[in-house]
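Following: one structure in structure tokens, then a few remarks.
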Amino acid sequence: MPSPSTLHIGTVLAGGLLVAWPAVRAVAQETPALPVVEVVGTTPLPGLGLPPGQIPANVQTLDGVAVTATTGASLPDALNRRVGSVFVNEVQGNPFQPDLNFRGFTASPLLGTPQGLSVYVDGVRFNQPFGDVVSWDLIPRAAIASLALMPGSNPLFGLNTLGGAFSIRTRDGMRDPGTSAQLLAGRHDRQELVFEHGGNGAAAGRRAGWHWYVTGNGFREDGWRAASPTRLGQLFGKVGWLDGRTDVALSAALARTRLTGNGLQEGRLLERDRASVYTTPDQTRNRSLLLNLVASHAVSDAVQFSGNAYYRRIRTATLNGDMNDDALDQSVYQPGAAERAALAAAGYTGFPASGATAANTPFPFWRCLGNVLLGDEPAEKCNGLLNRTHSRQASYGISGQVTLAGQGNQFTAGAAFDRSRVDFTQSAQFGYLNPDHSVTPVDFFADGSEIDDDGTPVDARVDLLGRTRTASVYATDTLTLGTALHVTLSGRYNRTTVHNRDRITPGGGAGSLDGDHRFNRFNPAIGATWDAGSGLNVYAGYNEGTRAPTAVELGCADPENPCKLPNAMAGDPPLRQVVTKTWEAGLRGRLAGRTDWSAGVFRADNVDDILFVADNAAGFGYFRNVGRTRRQGIELGIEGKTGDIELSAHYTWLDATFRSAEVLNAQANSSADEDGNIEVEPGDRLPLIPRHLFKARAEWRIAPAWSVEAGLRASSGALARGNENGGHAPDGTYFVGSGRTAGYAVADLGTTFTPTPRLRFFVQVGNLFDRRYATSSQLNATGLTPDGHFIARPFAALGDNSSLVSSTFYAPGAPRTVWAGARYSF
């Protein structure tokens, strides 16, 4: 019997198709042709490119207008609204920190998330050396001129391209001249100011000479959840020279951001107050600089050289207020006489009177030092922790390629070298959980040491130096056989070395992060397209891609020394690199010159997938290889225009499963055994990946100066992390929450008014019907009662775990949000 979420998504899909069908028929009867993208780059570097009909994959593209549209705050939001098979998990609850997913593969800013998508900006790989994470707040969205999504494990886009690659091109003053400013304001104190200026010294009627472009934006909002402010500033500049054969440009991108993402919330607390948070703060501060020199030169119409050289620096600091899972139930704990005497002698006084608790006695009168002088662990008297991390990443690289175009043949060969250095430190500080779930620190540690003057803890559990080098060579050749058949052969060889050095426990051995690792592999690809006539194009392809383990994964891979990301790491048994093999085939075409459509199937098999696996210690875990996973599905898409109406719709059926038997720790799962383990069988679904996705968009130009746009995004439900076997059955007492998210549908509405060619006004409403929904979930033990009071672990004074409650935590979607603004072009 179909599940409620399946019925829900099916109803939405059927209704959307019924509404759109008359317009689609009308579109098919139109005769004028829409402008199309002439070529798509097939490598990260600029080249001659190929028409989409010669690429054996379901390539999707967006222009700069679509990417920078005012319908959302960030690049992932634009992709989620407009690109097929894309969805987001808002794990952090910040618009600039979502997990972006395509076909079940992820690009995330969070350490510990299995990464499977690569992101390039003007040929520079934006996946960071430490964990392959992608910080969306560091991508200069306002400067984006175009974006292409290359699906599959395309080897030409290098490491981490398991499910696809996003290739971004930025604006320049030759192609994007002019000056404009945009101001936006809205609910939850959202404010944004964007400016841009582009110019060139080209003579009238020519596209040659110097050009320049600069854009900047400042964004701030208080956020719709409690204690969730965001501050973001970006600046991007480019200067270059362009003539008939040479294009050289030097660009610089700077960003400074302060993001607050307070993450998942326990389901019962979410029902009481949807804006509530579990613990605070959860802050991420990023500062980045990117310098990139890109050049291309056409020796002739048949020969082109291109290359780039870059330097990138990123500094990240995080401050996370967490619950101390080892704390005693302070509502019943009272220090003994010997403890009081010893602590009083050490200068610690102010113990609560009988009946006083952490909830009714404010800091600092309730001290969590406990009887440290008697040799006990003070952590058991502190119900809060402040975890701090600092990372400094520096990377640079160079790459070059040559493209030879002949009659019926286009050949490209290239090489690249990238090198990075990562300095990562972590520390923790005991504290108190306040009634508002913020954490107040204390000024001591287990050894009685004090805090530095700047508030930074003296002890550091992690001090890691990681160095990574990757060298690669690649080639691709597209042959035209006859007039309709195009065959492409590609391949890339990668060699990666990772050197980890532990500054606390050097020399190797148990618990040391020291290690030297090497990974290499040649990844092939083959595909073909066939122009069958009457606008019909057929394509099929096979490709392979790999991802080498990063320093953070190799530093947290020992089951005997689990870590709590991003807080600590230990030991580094070797991990194997992930290998993905993707098959893809489909049809695409154009109806009467006005409607583009596509229908395709894909299957991607991962071997030695890397997952972060929970350990018996609360909140801890380690990275390990699992045998096999699979992501397969069907994609349908249609885009067209009839008269003054533009329409688009995308549907994806996505089946993401384990293909090998695994044993995973999931103590919050009701089906776990006495050791807290669950058995995963082949065919069990991967968590957080919905089976059905549907999105539609319509824009109606009511008058030459007035247009209205409406959008719909719908998703079926998905399993929570910790419920990989699908066996969680809540009893309502010790296990609460369903262990999955429900299906949802969210509508958006916007309008634009352009009274003059220079001036434009806009209003946007997100989540028009104020639907309550969640995009992600996880099973975990809760340290709070249904009314938000601390109950700690082991949840009873005598260490009895029988009252432990495990719940489902959710990532709530944003409520109805309204913003408006104006744009003026000078």
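Residue names in the structure tokens use chain letters A, B, ... in the order shown, residue numbers from 1 in each chain, and ligand numbers from 1 in the order shown.
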Show which residues sit within 12 Å of Arg823 in chain A, as a PDB file with C-alpha atoms, in the first residue's frame. Count only C-alpha atoms, and ignore same-chain residues fewer than 4 positions away.
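For reference, out.pdb as written:
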```pdb
ATOM      1  CA  ALA A  69      17.059  36.258  -9.001  1.00  0.00           C
ATOM      2  CA  THR A  70      15.466  37.800  -5.918  1.00  0.00           C
ATOM      3  CA  THR A 179      26.191  50.099 -13.301  1.00  0.00           C
ATOM      4  CA  SER A 180      23.350  49.136 -10.981  1.00  0.00           C
ATOM      5  CA  ALA A 181      22.391  49.070  -7.308  1.00  0.00           C
ATOM      6  CA  GLN A 182      19.787  46.928  -5.558  1.00  0.00           C
ATOM      7  CA  LEU A 183      18.278  47.288  -2.109  1.00  0.00           C
ATOM      8  CA  LEU A 184      16.151  44.635  -0.402  1.00  0.00           C
ATOM      9  CA  GLU A 192      20.627  43.300   1.481  1.00  0.00           C
ATOM     10  CA  LEU A 193      22.496  45.828  -0.619  1.00  0.00           C
ATOM     11  CA  VAL A 194      24.082  44.811  -3.930  1.00  0.00           C
ATOM     12  CA  PHE A 195      25.995  46.971  -6.385  1.00  0.00           C
ATOM     13  CA  GLU A 196      27.832  46.179  -9.595  1.00  0.00           C
ATOM     14  CA  THR A 752       8.034  42.527 -10.593  1.00  0.00           C
ATOM     15  CA  PHE A 753       7.102  46.013 -11.805  1.00  0.00           C
ATOM     16  CA  THR A 754       9.377  47.943 -14.193  1.00  0.00           C
ATOM     17  CA  PRO A 755       8.015  51.477 -14.683  1.00  0.00           C
ATOM     18  CA  THR A 756      11.116  52.554 -16.621  1.00  0.00           C
ATOM     19  CA  PRO A 757      13.938  50.606 -18.267  1.00  0.00           C
ATOM     20  CA  ARG A 758      16.245  51.740 -15.456  1.00  0.00           C
ATOM     21  CA  LEU A 759      14.017  51.112 -12.438  1.00  0.00           C
ATOM     22  CA  ARG A 760      12.544  47.831 -11.222  1.00  0.00           C
ATOM     23  CA  PHE A 761      10.508  47.026  -8.100  1.00  0.00           C
ATOM     24  CA  PHE A 762       9.924  43.500  -6.777  1.00  0.00           C
ATOM     25  CA  VAL A 763       8.038  41.694  -4.002  1.00  0.00           C
TER      26      VAL A 763
END
```
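Residues lying within 10 Å of Val299 in chain A, counting only C-alpha atoms and ignoring same-chain neighbours fewer than 6 positions away, are Arg245, Thr246 and Phe305 of chain A.
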Restrict the selected residues to C-alpha atoms and save them as a CSV table (one decimal), in the first residue's frame.
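As written to disk, result_23.csv reads:
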```csv
chain,number,residue,atom,x,y,z
A,245,ARG,CA,42.1,35.6,-30.1
A,246,THR,CA,43.2,36.3,-26.5
A,305,PHE,CA,45.3,27.0,-25.3
```
Can you pull out the residues contacting Asp247 in chain A? Cut-off 12 Å, using only C-alpha atoms, and skip same-chain residues under 5 positions away; I want them as JSON, numbers by chain. {"A": [46, 47, 172, 174, 207, 208, 209, 210, 211, 239, 240, 241, 242, 293, 294, 295, 296, 297, 298, 304, 305, 306, 307, 308]}
Residues near Asp282 in chain A, anyone? I mean within 7 Å using only C-alpha atoms, not counting same-chain ones fewer than 4 positions away, as an MDAnalysis selection string. chainID A and resid 260:262 319:321
Atoms kept (C-alpha atoms) for selection, written as a PDB file, in the first residue's frame:
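Saved as selection_36.pdb:
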```
ATOM      1  CA  THR A 260      24.511  31.212  12.982  1.00  0.00           C
ATOM      2  CA  GLY A 261      22.994  27.833  12.258  1.00  0.00           C
ATOM      3  CA  ASN A 262      21.318  26.328  15.288  1.00  0.00           C
ATOM      4  CA  LEU A 319      31.832  28.308  18.506  1.00  0.00           C
ATOM      5  CA  ASN A 320      29.285  25.641  19.404  1.00  0.00           C
ATOM      6  CA  GLY A 321      27.305  25.435  22.602  1.00  0.00           C
TER       7      GLY A 321
END
```
Range 520-528 of chain A surroundings by only C-alpha atoms, 10 Å radius, close-in-sequence under 5 positions cut, as a ChimeraX atom specification: /A:53-57,153-156,158,470-480,485-497,538-546,548,577,579-585
Store the residues picked out above, limited to N, CA and C atoms, as a short mmCIF file (atom, residue, chain, number, x, y, z; two decimals), in the first residue's frame.
```cif
data_model
loop_
_atom_site.label_atom_id
_atom_site.label_comp_id
_atom_site.auth_asym_id
_atom_site.auth_seq_id
_atom_site.Cartn_x
_atom_site.Cartn_y
_atom_site.Cartn_z
N GLY A 53 23.63 18.99 -27.42
CA GLY A 53 23.23 17.77 -28.11
C GLY A 53 24.35 16.81 -28.40
N GLN A 54 25.62 17.23 -28.17
CA GLN A 54 26.75 16.34 -28.36
C GLN A 54 27.34 15.84 -27.03
N ILE A 55 26.73 16.22 -25.92
CA ILE A 55 27.20 15.79 -24.60
C ILE A 55 26.33 14.64 -24.12
N PRO A 56 26.91 13.47 -23.84
CA PRO A 56 26.11 12.29 -23.48
C PRO A 56 25.66 12.28 -22.02
N ALA A 57 24.94 13.33 -21.61
CA ALA A 57 24.43 13.44 -20.25
C ALA A 57 23.35 14.51 -20.24
N SER A 153 29.52 10.88 -12.72
CA SER A 153 30.89 10.85 -12.20
C SER A 153 31.88 11.17 -13.32
N ASN A 154 31.71 12.37 -13.88
CA ASN A 154 32.51 12.82 -15.02
C ASN A 154 33.97 12.99 -14.59
N PRO A 155 34.90 12.18 -15.13
CA PRO A 155 36.28 12.23 -14.66
C PRO A 155 36.99 13.53 -15.01
N LEU A 156 36.50 14.27 -16.00
CA LEU A 156 37.17 15.50 -16.41
C LEU A 156 37.13 16.56 -15.32
N GLY A 158 37.58 15.96 -12.11
CA GLY A 158 38.49 15.63 -11.03
C GLY A 158 37.85 15.00 -9.82
N THR A 470 47.73 17.04 -5.16
CA THR A 470 47.05 16.27 -6.20
C THR A 470 47.59 16.68 -7.56
N ALA A 471 48.05 15.71 -8.32
CA ALA A 471 48.50 15.93 -9.70
C ALA A 471 47.62 15.09 -10.62
N SER A 472 47.27 15.63 -11.76
CA SER A 472 46.38 14.90 -12.66
C SER A 472 46.64 15.28 -14.10
N VAL A 473 46.34 14.35 -14.98
CA VAL A 473 46.34 14.58 -16.43
C VAL A 473 45.03 14.04 -16.98
N TYR A 474 44.51 14.67 -18.02
CA TYR A 474 43.22 14.26 -18.57
C TYR A 474 43.15 14.54 -20.06
N ALA A 475 42.21 13.88 -20.70
CA ALA A 475 42.00 14.07 -22.13
C ALA A 475 40.58 13.67 -22.48
N THR A 476 40.02 14.30 -23.51
CA THR A 476 38.70 13.95 -24.02
C THR A 476 38.68 14.17 -25.52
N ASP A 477 38.00 13.32 -26.23
CA ASP A 477 37.93 13.41 -27.68
C ASP A 477 36.50 13.11 -28.12
N THR A 478 35.91 14.04 -28.87
CA THR A 478 34.57 13.85 -29.41
C THR A 478 34.66 13.70 -30.92
N LEU A 479 34.22 12.54 -31.40
CA LEU A 479 34.27 12.23 -32.83
C LEU A 479 32.88 12.31 -33.41
N THR A 480 32.76 12.94 -34.57
CA THR A 480 31.49 12.99 -35.30
C THR A 480 31.55 11.98 -36.43
N LEU A 485 25.86 11.08 -35.51
CA LEU A 485 26.39 10.31 -34.39
C LEU A 485 27.65 10.97 -33.86
N HIS A 486 27.69 11.19 -32.52
CA HIS A 486 28.85 11.80 -31.86
C HIS A 486 29.28 10.88 -30.72
N VAL A 487 30.54 10.46 -30.74
CA VAL A 487 31.09 9.56 -29.74
C VAL A 487 32.17 10.29 -28.96
N THR A 488 32.10 10.19 -27.63
CA THR A 488 33.07 10.87 -26.77
C THR A 488 33.81 9.85 -25.91
N LEU A 489 35.13 9.95 -25.90
CA LEU A 489 36.01 9.15 -25.04
C LEU A 489 36.77 10.10 -24.13
N SER A 490 36.81 9.82 -22.83
CA SER A 490 37.47 10.70 -21.88
C SER A 490 38.19 9.87 -20.82
N GLY A 491 39.13 10.49 -20.15
CA GLY A 491 39.82 9.83 -19.06
C GLY A 491 40.64 10.82 -18.25
N ARG A 492 40.84 10.48 -16.99
CA ARG A 492 41.67 11.34 -16.12
C ARG A 492 42.41 10.45 -15.13
N TYR A 493 43.69 10.74 -14.95
CA TYR A 493 44.50 10.05 -13.95
C TYR A 493 44.79 11.04 -12.82
N ASN A 494 44.47 10.64 -11.59
CA ASN A 494 44.70 11.46 -10.40
C ASN A 494 45.68 10.75 -9.47
N ARG A 495 46.56 11.51 -8.88
CA ARG A 495 47.44 11.00 -7.83
C ARG A 495 47.42 11.99 -6.67
N THR A 496 46.97 11.53 -5.51
CA THR A 496 46.80 12.40 -4.34
C THR A 496 47.61 11.85 -3.18
N THR A 497 48.32 12.73 -2.49
CA THR A 497 49.02 12.36 -1.27
C THR A 497 48.51 13.24 -0.13
N VAL A 538 19.17 11.37 -28.85
CA VAL A 538 19.32 10.21 -27.98
C VAL A 538 20.74 10.20 -27.43
N TYR A 539 20.90 9.91 -26.14
CA TYR A 539 22.23 9.89 -25.56
C TYR A 539 22.37 8.72 -24.59
N ALA A 540 23.61 8.27 -24.42
CA ALA A 540 23.94 7.22 -23.45
C ALA A 540 25.40 7.36 -23.08
N GLY A 541 25.73 7.04 -21.82
CA GLY A 541 27.11 7.17 -21.40
C GLY A 541 27.43 6.37 -20.17
N TYR A 542 28.72 6.12 -19.98
CA TYR A 542 29.24 5.45 -18.79
C TYR A 542 30.48 6.21 -18.35
N ASN A 543 30.61 6.47 -17.04
CA ASN A 543 31.80 7.16 -16.54
C ASN A 543 32.11 6.73 -15.12
N GLU A 544 33.34 6.99 -14.72
CA GLU A 544 33.81 6.65 -13.38
C GLU A 544 34.49 7.85 -12.74
N GLY A 545 34.30 8.00 -11.44
CA GLY A 545 34.93 9.07 -10.69
C GLY A 545 35.36 8.58 -9.32
N THR A 546 36.25 9.33 -8.66
CA THR A 546 36.77 8.93 -7.35
C THR A 546 36.81 10.12 -6.42
N ALA A 548 39.24 10.90 -2.95
CA ALA A 548 40.24 10.46 -1.99
C ALA A 548 39.86 10.94 -0.60
N GLN A 577 39.80 5.02 -1.11
CA GLN A 577 39.10 6.07 -1.83
C GLN A 577 37.78 5.54 -2.39
N VAL A 579 34.96 5.00 -5.12
CA VAL A 579 34.87 4.87 -6.58
C VAL A 579 33.39 4.82 -6.96
N THR A 580 32.99 5.67 -7.89
CA THR A 580 31.61 5.70 -8.37
C THR A 580 31.57 5.39 -9.86
N LYS A 581 30.66 4.49 -10.23
CA LYS A 581 30.48 4.10 -11.63
C LYS A 581 29.05 4.43 -12.02
N THR A 582 28.89 5.28 -13.05
CA THR A 582 27.59 5.82 -13.42
C THR A 582 27.22 5.46 -14.85
N TRP A 583 26.00 4.94 -14.99
CA TRP A 583 25.38 4.73 -16.30
C TRP A 583 24.27 5.76 -16.47
N GLU A 584 24.12 6.28 -17.68
CA GLU A 584 23.08 7.27 -17.93
C GLU A 584 22.62 7.18 -19.38
N ALA A 585 21.32 7.31 -19.61
CA ALA A 585 20.76 7.27 -20.96
C ALA A 585 19.47 8.06 -20.99
#
```
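Between CA of Ala394 in chain A and CA of Leu289 in chain A there is a distance of 9.7 Å.
Of the residues under consideration (A:Leu647, A:Ala710, A:Val65, A:Ala309), A:Ala309 shows the shortest atom-to-atom contact distance to Asp122 in chain A when counting only C-alpha atoms.
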Using DSSP assignments from the backbone, pull out every residue in range 132-364 of chain A that falls under strand (DSSP E) and give it to me as an MDAnalysis selection string. chainID A and resid 144:151 164:170 178:186 190:200 209:221 230:242 246:260 265:266 282:300 303:323
Counting only C-alpha atoms, the option among A:Ala649, A:Ala416, A:Val83, A:Val680 closest to Ala698 in chain A: A:Ala649
Skipping near chain neighbours, those fewer than 4 positions away, what residues fall within 8 Å of Val805 in chain A using only C-alpha atoms, listed as an NGL selection string? :A and (733-736 or 781-782)
Only C-alpha atoms, please: the residues just picked out, written as a CSV table (one decimal), in the first residue's frame.
```csv
chain,number,residue,atom,x,y,z
A,733,THR,CA,7.5,6.7,26.1
A,734,TYR,CA,11.1,5.8,25.6
A,735,PHE,CA,11.2,6.3,21.9
A,736,VAL,CA,9.3,9.2,20.4
A,781,ALA,CA,18.8,10.8,22.8
A,782,THR,CA,17.3,14.0,24.2
```
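Of the listed residues (A:Pro109, A:Gly64, A:Gly726, A:Pro76), A:Gly64 comes nearest to Arg175 in chain A; the distances count only C-alpha atoms.
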